[in-house]
$ cat structure.csv   # CSV, C-alpha atoms
chain,number,residue,atom,x,y,z
A,1,MET,CA,225.6,-36.9,-34.7
A,2,THR,CA,221.9,-37.9,-35.0
A,3,GLU,CA,222.7,-41.4,-34.0
A,4,THR,CA,224.6,-40.1,-31.0
A,5,ILE,CA,221.7,-37.9,-29.9
A,6,ASN,CA,219.3,-40.8,-30.4
A,7,THR,CA,221.4,-43.1,-28.2
A,8,TRP,CA,221.7,-40.4,-25.6
A,9,ILE,CA,217.9,-39.9,-25.4
A,10,ASP,CA,217.4,-43.7,-25.2
A,11,TRP,CA,219.9,-43.8,-22.3
A,12,LEU,CA,218.2,-40.9,-20.6
A,13,LEU,CA,214.8,-42.5,-20.8
A,14,GLN,CA,216.1,-45.8,-19.5
A,15,THR,CA,218.1,-44.2,-16.7
A,16,LEU,CA,215.1,-42.3,-15.5
A,17,GLY,CA,212.9,-45.3,-15.9
A,18,LEU,CA,210.5,-43.5,-18.2
A,19,SER,CA,208.2,-45.1,-20.7
A,20,GLY,CA,204.8,-44.6,-22.2
A,21,PRO,CA,203.3,-41.1,-21.6
A,22,SER,CA,205.9,-40.4,-18.9
A,23,ILE,CA,208.5,-39.8,-21.7
A,24,LEU,CA,207.0,-36.3,-21.9
A,25,PHE,CA,209.0,-35.4,-18.8
A,26,VAL,CA,212.1,-35.7,-21.1
A,27,THR,CA,210.8,-34.9,-24.6
A,28,ILE,CA,209.1,-31.6,-23.7
A,29,PRO,CA,212.2,-30.0,-22.1
A,30,LEU,CA,214.2,-31.3,-25.0
A,31,ALA,CA,211.8,-29.7,-27.4
A,32,LEU,CA,212.2,-26.4,-25.7
A,33,LEU,CA,216.0,-26.7,-25.7
A,34,GLN,CA,215.9,-27.6,-29.4
A,35,SER,CA,214.1,-24.3,-30.1
A,36,ILE,CA,216.9,-22.4,-28.4
A,37,LEU,CA,220.0,-24.4,-29.3
A,38,GLY,CA,219.0,-26.5,-32.3
A,39,PHE,CA,221.5,-29.2,-31.4
A,40,PHE,CA,219.5,-32.2,-32.7
A,41,PRO,CA,216.9,-32.9,-35.4
A,42,PHE,CA,213.3,-32.5,-34.0
A,43,VAL,CA,212.2,-35.5,-36.0
A,44,ILE,CA,213.8,-37.7,-33.3
A,45,LEU,CA,211.2,-36.4,-30.8
A,46,ILE,CA,208.4,-36.8,-33.4
A,47,VAL,CA,209.2,-40.5,-33.9
A,48,LEU,CA,209.4,-41.0,-30.1
A,49,HIS,CA,206.0,-39.4,-29.7
A,50,VAL,CA,204.4,-41.3,-32.5
A,51,SER,CA,205.7,-44.6,-31.2
A,52,VAL,CA,204.0,-44.0,-27.8
A,53,PHE,CA,200.9,-42.0,-28.7
A,54,ASN,CA,200.2,-43.3,-32.2
A,55,VAL,CA,200.4,-41.2,-35.3
A,56,ILE,CA,197.8,-38.5,-34.7
A,57,GLY,CA,198.4,-38.2,-31.0
A,58,GLY,CA,202.2,-38.1,-31.4
A,59,MET,CA,202.0,-35.5,-34.1
A,60,ILE,CA,199.7,-33.3,-32.0
A,61,ILE,CA,202.0,-33.5,-29.0
A,62,SER,CA,205.1,-32.8,-31.1
A,63,TRP,CA,203.3,-29.8,-32.8
A,64,LEU,CA,202.2,-28.3,-29.5
A,65,ALA,CA,205.7,-28.7,-28.0
A,66,CYS,CA,207.4,-27.2,-31.1
A,67,ASN,CA,205.0,-24.3,-31.1
A,68,LEU,CA,205.6,-23.6,-27.4
A,69,GLY,CA,209.4,-23.6,-27.8
A,70,GLY,CA,209.4,-21.3,-30.9
A,71,ILE,CA,207.0,-18.8,-29.4
A,72,LEU,CA,208.8,-18.7,-26.0
A,73,MET,CA,212.1,-18.1,-27.8
A,74,TYR,CA,210.7,-15.4,-30.0
A,75,PHE,CA,209.3,-13.4,-27.1
A,76,LEU,CA,212.4,-14.0,-24.9
A,77,ILE,CA,214.7,-12.5,-27.5
A,78,ARG,CA,212.4,-9.7,-28.6
A,79,ARG,CA,211.5,-8.5,-25.1
A,80,TYR,CA,214.6,-9.2,-23.0
A,81,LEU,CA,217.6,-10.3,-25.0
A,82,TYR,CA,217.4,-8.2,-28.2
A,83,ASN,CA,220.4,-6.0,-27.5
A,84,TRP,CA,222.6,-8.9,-26.4
A,85,PHE,CA,221.5,-11.0,-29.4
A,86,ASP,CA,222.1,-8.1,-31.8
A,87,ARG,CA,225.7,-7.8,-30.6
A,88,LYS,CA,226.5,-11.5,-30.5
A,89,TRP,CA,224.6,-13.0,-33.4
A,90,ARG,CA,223.9,-10.3,-36.0
A,91,SER,CA,227.2,-11.0,-37.9
A,92,LYS,CA,226.6,-14.8,-37.8
A,93,LEU,CA,223.3,-14.4,-39.5
A,94,LYS,CA,224.8,-12.7,-42.6
A,95,ARG,CA,224.8,-16.0,-44.4
A,96,TYR,CA,221.0,-16.0,-44.1
A,97,ASP,CA,220.5,-12.4,-45.5
A,98,LYS,CA,218.5,-13.6,-48.4
A,99,TRP,CA,216.1,-15.5,-46.2
A,100,GLN,CA,215.9,-12.5,-43.8
A,101,ARG,CA,214.8,-10.3,-46.7
A,102,TYR,CA,212.1,-12.9,-47.7
A,103,LEU,CA,211.0,-13.0,-44.0
A,104,ASP,CA,210.7,-9.2,-43.9
A,105,ARG,CA,208.7,-9.2,-47.2
A,106,TYR,CA,206.5,-12.3,-47.0
A,107,GLY,CA,206.3,-12.8,-43.2
A,108,ILE,CA,204.1,-15.8,-42.4
A,109,TRP,CA,204.7,-17.5,-45.7
A,110,THR,CA,208.5,-17.5,-45.4
A,111,LEU,CA,208.1,-19.0,-41.9
A,112,VAL,CA,205.9,-21.7,-43.3
A,113,LEU,CA,208.4,-22.6,-45.9
A,114,LEU,CA,211.5,-22.5,-43.6
A,115,ARG,CA,209.8,-24.6,-41.0
A,116,THR,CA,208.5,-27.1,-43.5
A,117,ILE,CA,211.8,-27.6,-45.3
A,118,PRO,CA,214.8,-27.6,-42.8
A,119,ILE,CA,216.9,-25.2,-44.9
A,120,ILE,CA,217.8,-23.3,-41.8
A,121,PRO,CA,218.0,-24.6,-38.2
A,122,ASN,CA,214.9,-24.2,-36.2
A,123,ASN,CA,216.6,-22.0,-33.5
A,124,VAL,CA,218.0,-19.7,-36.2
A,125,ILE,CA,214.5,-19.2,-37.6
A,126,ASN,CA,213.4,-18.1,-34.2
A,127,PHE,CA,216.3,-15.7,-33.9
A,128,MET,CA,215.8,-14.2,-37.4
A,129,SER,CA,212.1,-13.7,-36.6
A,130,ALA,CA,212.8,-12.0,-33.3
A,131,VAL,CA,215.0,-9.3,-34.9
A,132,SER,CA,212.8,-8.8,-38.0
A,133,PRO,CA,209.9,-6.4,-38.3
A,134,ILE,CA,207.4,-9.3,-38.4
A,135,LYS,CA,204.5,-8.8,-36.0
A,136,ALA,CA,204.0,-11.2,-33.1
A,137,SER,CA,200.7,-12.4,-34.5
A,138,SER,CA,202.2,-13.1,-37.9
A,139,PHE,CA,205.1,-15.0,-36.2
A,140,ILE,CA,202.6,-17.1,-34.2
A,141,TRP,CA,200.5,-18.0,-37.3
A,142,GLY,CA,203.6,-18.7,-39.4
A,143,THR,CA,205.0,-20.9,-36.7
A,144,VAL,CA,201.7,-22.8,-36.1
A,145,LEU,CA,201.2,-23.5,-39.8
A,146,GLY,CA,204.9,-24.1,-40.5
A,147,ASN,CA,205.3,-26.6,-37.7
A,148,LEU,CA,202.0,-28.3,-38.6
A,149,SER,CA,203.4,-28.8,-42.1
A,150,TYR,CA,206.8,-30.0,-40.9
A,151,ILE,CA,205.4,-32.4,-38.3
A,152,TRP,CA,202.7,-33.7,-40.6
A,153,LEU,CA,205.3,-34.5,-43.3
A,154,PHE,CA,208.1,-35.9,-41.2
A,155,GLY,CA,205.7,-37.6,-38.7
A,156,THR,CA,204.2,-39.4,-41.6
A,157,ILE,CA,207.5,-40.4,-43.1
A,158,GLY,CA,208.9,-41.4,-39.7
A,159,SER,CA,205.8,-43.6,-39.0
A,160,SER,CA,205.9,-45.4,-42.3
A,161,LEU,CA,207.2,-48.6,-40.7
A,162,ILE,CA,204.5,-48.7,-38.0
A,163,VAL,CA,201.3,-47.9,-39.8
A,164,PRO,CA,199.5,-49.8,-42.7
A,165,ARG,CA,200.4,-48.5,-46.2
A,166,GLU,CA,196.8,-47.5,-46.8
A,167,GLU,CA,196.8,-45.2,-43.8
A,168,TRP,CA,200.2,-43.8,-44.7
A,169,ASN,CA,199.0,-43.0,-48.2
A,170,GLY,CA,196.0,-41.2,-46.6
A,171,TYR,CA,198.3,-39.0,-44.5
A,172,ILE,CA,200.4,-38.1,-47.5
A,173,THR,CA,197.3,-37.4,-49.7
A,174,TRP,CA,195.8,-35.0,-47.2
A,175,TYR,CA,199.2,-33.4,-46.6
A,176,ALA,CA,199.4,-32.7,-50.4
A,177,VAL,CA,195.9,-31.1,-50.2
A,178,PHE,CA,196.9,-28.9,-47.3
A,179,ILE,CA,200.1,-27.7,-49.0
A,180,ALA,CA,198.1,-27.0,-52.3
A,181,ILE,CA,195.7,-24.8,-50.3
A,182,LEU,CA,198.5,-22.9,-48.6
A,183,ILE,CA,200.3,-22.3,-52.0
A,184,GLY,CA,197.0,-21.1,-53.5
A,185,ILE,CA,196.5,-18.6,-50.7
A,186,PHE,CA,200.1,-17.4,-50.9
A,187,ILE,CA,200.0,-16.8,-54.6
A,188,ARG,CA,196.7,-14.9,-54.4
A,189,ARG,CA,197.9,-12.7,-51.5
A,190,HIS,CA,201.3,-12.0,-52.9
A,191,TRP,CA,200.9,-12.1,-56.7
A,192,ASP,CA,202.2,-8.5,-57.1
A,193,HIS,CA,205.2,-9.1,-55.0
A,194,LEU,CA,206.0,-12.3,-56.9
A,195,GLN,CA,205.9,-10.4,-60.2
A,196,GLU,CA,208.1,-7.7,-58.8
A,197,ASP,CA,210.7,-10.2,-57.7
A,198,LYS,CA,210.5,-11.9,-61.1
A,199,ARG,CA,211.2,-8.6,-62.9
A,200,SER,CA,214.1,-7.7,-60.6
A,201,ARG,CA,215.8,-11.1,-61.3
A,202,MET,CA,215.4,-10.5,-65.1
A,203,HIS,CA,217.2,-7.1,-64.9

$ encode --input "structure.csv" --output "structure tokens"
Amino acid sequence: MTETINTWIDWLLQTLGLSGPSILFVTIPLALLQSILGFFPFVILIVLHVSVFNVIGGMIISWLACNLGGILMYFLIRRYLYNWFDRKWRSKLKRYDKWQRYLDRYGIWTLVLLRTIPIIPNNVINFMSAVSPIKASSFIWGTVLGNLSYIWLFGTIGSSLIVPREEWNGYITWYAVFIAILIGIFIRRHWDHLQEDKRSRMH
């Protein structure tokens, strides 16, 4: 499936005669669609952006596009499509009940985890957030940090063939520092909740 999508994107770029920065006319709309439909891995667009705009530039553009898509989807569902979505999708999200509970309890931090590690499709995360009690500000912060973590990690991995090893190691080292800081803040803010969850699992 991924190879098919990649081939289709290459064909689209060639058909439209787009190269260099003009690829954004294709990749930005695709990023928005991915946030709604989740029909292909976002890492494909990250690699495309990195190949054109270099590592830092490509990551920043991918991060902004991913944030825009997620935030637009969240407000679209919450403000205009909530009732329709609740009827059509609520039963389909039953398989993610555990993560929905974590989202309700830990808010920002569950979003960071789910966006960093693609356990759940990106569009489903947006749906779950829109029907949860999470505040808009918390969703935005969780999305911004989570997408930064995801794009930093997978952008670095995806660019490993086009950057010197020393530079690649630097990106990974700073990413590890970034994650360690986030984990430290999370543990400090939610220590009591973590202990409650631990006790409930033991009983």

$ atom_distance --input "structure.csv" --atom1 "CA of Ala180 (chain A)" --atom2 "CA of Trp152 (chain A)"
14.2 Å

$ atom_distance --input "structure.csv" --atom1 "CA of Gly146 (chain A)" --atom2 "CA of Phe53 (chain A)"
21.8 Å

$ atom_distance --input "structure.csv" --atom1 "CA of Glu167 (chain A)" --atom2 "CA of Asn147 (chain A)"
21.3 Å

$ closest_residue --input "structure.csv" --among "A:Ile183, A:Ile140, A:Val50, A:Ile172" --to "Pro21 (chain A)" --atoms "all atoms listed in the file"
A:Val50

$ closest_residue --input "structure.csv" --among "A:Gly69, A:Asp104, A:Ser159, A:Asn122" --to "Pro29 (chain A)" --atoms "all atoms listed in the file"
A:Gly69

$ residues_around --input "structure.csv" --residues "Asn123 (chain A)" --least-positions-apart "6" --cutoff "6 Å" --atoms "only C-alpha atoms" --output "list in words"
Ser35, Ile36, Leu37 and Gly38 of chain A

$ decode --input "structure.csv" --residues "region 58-86 of chain A" --atoms "N, CA, C and O atoms" --output "mmCIF file, in the first residue's frame"
data_model
loop_
_atom_site.group_PDB
_atom_site.id
_atom_site.type_symbol
_atom_site.label_atom_id
_atom_site.label_comp_id
_atom_site.auth_asym_id
_atom_site.auth_seq_id
_atom_site.Cartn_x
_atom_site.Cartn_y
_atom_site.Cartn_z
ATOM 1 N N GLY A 58 12.697 20.799 5.791
ATOM 2 C CA GLY A 58 11.684 19.793 5.497
ATOM 3 C C GLY A 58 10.894 19.391 6.724
ATOM 4 O O GLY A 58 9.675 19.192 6.662
ATOM 5 N N MET A 59 11.579 19.275 7.860
ATOM 6 C CA MET A 59 10.887 18.931 9.103
ATOM 7 C C MET A 59 9.939 20.041 9.530
ATOM 8 O O MET A 59 8.804 19.776 9.973
ATOM 9 N N ILE A 60 10.382 21.282 9.427
ATOM 10 C CA ILE A 60 9.545 22.414 9.850
ATOM 11 C C ILE A 60 8.283 22.498 8.992
ATOM 12 O O ILE A 60 7.166 22.660 9.508
ATOM 13 N N ILE A 61 8.437 22.354 7.678
ATOM 14 C CA ILE A 61 7.280 22.408 6.783
ATOM 15 C C ILE A 61 6.329 21.253 7.070
ATOM 16 O O ILE A 61 5.105 21.429 7.128
ATOM 17 N N SER A 62 6.869 20.062 7.280
ATOM 18 C CA SER A 62 6.038 18.894 7.591
ATOM 19 C C SER A 62 5.303 19.105 8.911
ATOM 20 O O SER A 62 4.112 18.777 9.039
ATOM 21 N N TRP A 63 5.998 19.654 9.893
ATOM 22 C CA TRP A 63 5.413 19.908 11.215
ATOM 23 C C TRP A 63 4.262 20.909 11.121
ATOM 24 O O TRP A 63 3.176 20.681 11.682
ATOM 25 N N LEU A 64 4.464 21.990 10.386
ATOM 26 C CA LEU A 64 3.414 23.006 10.244
ATOM 27 C C LEU A 64 2.197 22.433 9.519
ATOM 28 O O LEU A 64 1.051 22.662 9.924
ATOM 29 N N ALA A 65 2.431 21.661 8.457
ATOM 30 C CA ALA A 65 1.329 21.078 7.695
ATOM 31 C C ALA A 65 0.544 20.078 8.526
ATOM 32 O O ALA A 65 -0.699 20.056 8.501
ATOM 33 N N CYS A 66 1.261 19.260 9.287
ATOM 34 C CA CYS A 66 0.618 18.249 10.126
ATOM 35 C C CYS A 66 -0.202 18.908 11.235
ATOM 36 O O CYS A 66 -1.321 18.494 11.537
ATOM 37 N N ASN A 67 0.342 19.971 11.833
ATOM 38 C CA ASN A 67 -0.394 20.701 12.871
ATOM 39 C C ASN A 67 -1.662 21.322 12.301
ATOM 40 O O ASN A 67 -2.743 21.250 12.915
ATOM 41 N N LEU A 68 -1.531 21.950 11.136
ATOM 42 C CA LEU A 68 -2.676 22.599 10.506
ATOM 43 C C LEU A 68 -3.797 21.597 10.244
ATOM 44 O O LEU A 68 -4.965 21.851 10.563
ATOM 45 N N GLY A 69 -3.448 20.442 9.674
ATOM 46 C CA GLY A 69 -4.446 19.423 9.375
ATOM 47 C C GLY A 69 -5.144 18.912 10.625
ATOM 48 O O GLY A 69 -6.374 18.800 10.664
ATOM 49 N N GLY A 70 -4.370 18.599 11.672
ATOM 50 C CA GLY A 70 -4.950 18.079 12.903
ATOM 51 C C GLY A 70 -5.860 19.079 13.589
ATOM 52 O O GLY A 70 -6.966 18.732 14.039
ATOM 53 N N ILE A 71 -5.429 20.325 13.669
ATOM 54 C CA ILE A 71 -6.213 21.356 14.369
ATOM 55 C C ILE A 71 -7.490 21.679 13.598
ATOM 56 O O ILE A 71 -8.571 21.826 14.192
ATOM 57 N N LEU A 72 -7.400 21.767 12.269
ATOM 58 C CA LEU A 72 -8.599 22.006 11.460
ATOM 59 C C LEU A 72 -9.606 20.879 11.629
ATOM 60 O O LEU A 72 -10.813 21.117 11.766
ATOM 61 N N MET A 73 -9.107 19.640 11.638
ATOM 62 C CA MET A 73 -9.996 18.489 11.780
ATOM 63 C C MET A 73 -10.681 18.498 13.138
ATOM 64 O O MET A 73 -11.873 18.222 13.255
ATOM 65 N N TYR A 74 -9.932 18.809 14.165
ATOM 66 C CA TYR A 74 -10.475 18.850 15.535
ATOM 67 C C TYR A 74 -11.633 19.847 15.627
ATOM 68 O O TYR A 74 -12.723 19.519 16.113
ATOM 69 N N PHE A 75 -11.425 21.058 15.155
ATOM 70 C CA PHE A 75 -12.468 22.078 15.257
ATOM 71 C C PHE A 75 -13.636 21.798 14.320
ATOM 72 O O PHE A 75 -14.787 22.097 14.645
ATOM 73 N N LEU A 76 -13.360 21.209 13.166
ATOM 74 C CA LEU A 76 -14.426 20.865 12.230
ATOM 75 C C LEU A 76 -15.389 19.866 12.854
ATOM 76 O O LEU A 76 -16.619 20.035 12.782
ATOM 77 N N ILE A 77 -14.843 18.821 13.469
ATOM 78 C CA ILE A 77 -15.695 17.811 14.098
ATOM 79 C C ILE A 77 -16.389 18.381 15.323
ATOM 80 O O ILE A 77 -17.606 18.238 15.494
ATOM 81 N N ARG A 78 -15.639 19.049 16.195
ATOM 82 C CA ARG A 78 -16.210 19.518 17.460
ATOM 83 C C ARG A 78 -17.298 20.571 17.253
ATOM 84 O O ARG A 78 -18.301 20.565 17.966
ATOM 85 N N ARG A 79 -17.147 21.436 16.278
ATOM 86 C CA ARG A 79 -18.083 22.552 16.118
ATOM 87 C C ARG A 79 -19.217 22.267 15.136
ATOM 88 O O ARG A 79 -20.313 22.803 15.277
ATOM 89 N N TYR A 80 -18.943 21.437 14.114
ATOM 90 C CA TYR A 80 -19.942 21.282 13.059
ATOM 91 C C TYR A 80 -20.396 19.846 12.814
ATOM 92 O O TYR A 80 -21.518 19.631 12.359
ATOM 93 N N LEU A 81 -19.542 18.881 13.070
ATOM 94 C CA LEU A 81 -19.862 17.505 12.694
ATOM 95 C C LEU A 81 -19.976 16.565 13.891
ATOM 96 O O LEU A 81 -19.972 15.344 13.712
ATOM 97 N N TYR A 82 -20.082 17.097 15.112
ATOM 98 C CA TYR A 82 -20.039 16.244 16.295
ATOM 99 C C TYR A 82 -21.178 15.217 16.288
ATOM 100 O O TYR A 82 -20.951 14.027 16.503
ATOM 101 N N ASN A 83 -22.407 15.662 16.055
ATOM 102 C CA ASN A 83 -23.556 14.749 16.111
ATOM 103 C C ASN A 83 -23.466 13.679 15.042
ATOM 104 O O ASN A 83 -23.727 12.496 15.290
ATOM 105 N N TRP A 84 -23.079 14.106 13.818
ATOM 106 C CA TRP A 84 -22.937 13.132 12.739
ATOM 107 C C TRP A 84 -21.852 12.126 13.071
ATOM 108 O O TRP A 84 -22.033 10.918 12.897
ATOM 109 N N PHE A 85 -20.721 12.626 13.554
ATOM 110 C CA PHE A 85 -19.614 11.744 13.872
ATOM 111 C C PHE A 85 -19.982 10.774 14.991
ATOM 112 O O PHE A 85 -19.646 9.593 14.946
ATOM 113 N N ASP A 86 -20.695 11.281 15.999
ATOM 114 C CA ASP A 86 -21.078 10.440 17.134
ATOM 115 C C ASP A 86 -21.947 9.275 16.669
ATOM 116 O O ASP A 86 -21.820 8.152 17.160
#
